[in-house]
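Q: Structure below; questions to follow.
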Amino acid sequence: MADISWLHRYAPKSFGEVQLVIPEEERLQFLEISEGRAKENIILAGTPGTGKSSIAHLLLKKAINPLIIHCPQYKGDKHWQSGGIGYLQMMGSGDAISEFYHSKAELRKKTIRRLVLLEEFDEINNQSVFKTLLDENTARDSVCVLTTNHFGEIDEAIKSRCAVYQFGRESELWMNYEDDKPSGCREQITSDLMG
């Protein structure tokens with residue numbers, strides 16, 4: 001008998017009320033995206049272990065053409081410029097041929113045409129190229145999901161092109177290492193506590 005990890009055993013299996021314990025408004029928004037009624041790029045940000053990847057993987061299950069890119073493997077600019085590995089993956093064909101890998105019953109359950117998951121997006125050195133990539137993917141009926149533990153390191157132009165969902169408790173921000181906090185956060189909290 002295979003030993004199933006705690007993570008796999010208790011991870012949410014759907015966007016149902018009982019399965020996913022998040023604010024109702026956000027749950028309904030994710031449900032809309034998973035049903036193909038909303039096509040927007042999203043950022044899942046927050047502290048580690050708060051469900052960002054679980055939600056991303058629920059969305060991946062609904063995609064006909066899912067793609068996962070682990071950004072720490074493709075940090076450099078050369079990967080994201082035209083012709084680079086990351087660029088080619090992100091702009092990949094996503095063509096109709098992948099639909100032949102699914103039965104008709106499976107295709108009826110899949111409501112997102114193409115979904116690109118960019119895990120640990122904050123690791124990318126030069127995020128400016130993503131403005132164009134996100135716009136082009138949106139025009140191609142594709143949804144991009146960016147996950148990050150360090151929301152402050154995401155370029156403002158990227159944030160403006162995505163719906164942002166924050167996970168975890170804000171009070172945990174000041175307890176992280178010096179590099180993990182938004183600038184001025186520790187000083188403001190210290191000032192508030194001392195004052």
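Identifiers in this document derive from the order of the structure tokens: chains are assigned A, B, ..., residues are numbered from 1 separately in each chain, and ligands are numbered from 1 in order of occurrence.
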Which residues of region 30-106 of chain A have any atom within 9 Å of an atom in region 162-169 of chain A when counting only C-alpha atoms, and what is the closest pair of atoms for each, with the distance in Å to one decimal? Order the rows by chain and rising number and write it as CSV.

A:
```
residue,atom,partner,partner_atom,distance
A:Glu40,CA,A:Cys162,CA,6.7
A:Asn41,CA,A:Cys162,CA,4.7
A:Ile42,CA,A:Ala163,CA,4.6
A:Ile43,CA,A:Val164,CA,4.8
A:Leu44,CA,A:Tyr165,CA,5.1
A:Ala45,CA,A:Gln166,CA,4.9
A:Gly46,CA,A:Phe167,CA,4.5
A:Thr47,CA,A:Gly168,CA,5.4
A:Pro48,CA,A:Gly168,CA,8.0
A:Gly49,CA,A:Gly168,CA,8.4
A:Thr50,CA,A:Gly168,CA,5.7
A:Gly51,CA,A:Phe167,CA,7.4
A:Lys52,CA,A:Phe167,CA,7.2
```

Q: Neighbours of Ile69 (chain A) within 12 Å (only C-alpha atoms; same-chain residues fewer than 5 positions away dropped), as a list in words?

A: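 Using only C-alpha atoms, the neighbours found are Tyr74, Lys75, His79, Trp80, Ile85, Gly86, Tyr87, Leu88, Gln89, Met90, Leu115, Val116, Leu117, Leu118, Glu119, Glu120, Phe121, Glu123, Ile124, Cys144, Val145, Leu146 and Thr147 of chain A.
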
Q: May I have all residues of region 8-64 of chain A that DSSP, computed from the backbone, assigns to strand (DSSP E), given as number ranges by chain?

A: A: 42-46, 63-64

Q: Do you have the CA of Pro72 (chain A)-CA of Asp155 (chain A) distance handy?

A: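 CA of Pro72 (chain A) sits 16.5 Å away from CA of Asp155 (chain A).
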
Q: Which residues, written as a PyMOL selection string, have at least one atom at most 12 Å from Met91 (chain A), with only C-alpha atoms counted and residues fewer than 3 positions away on the same chain left out?

A: chain A and resi 65+67+80-88+94-95+114-116+130+132-144

Q: In Å, rounded to a single decimal, give me how far CA of Phe30 (chain A) is from CA of Gly92 (chain A).

A: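 Distance reported for this atom pair: 24.8 Å.
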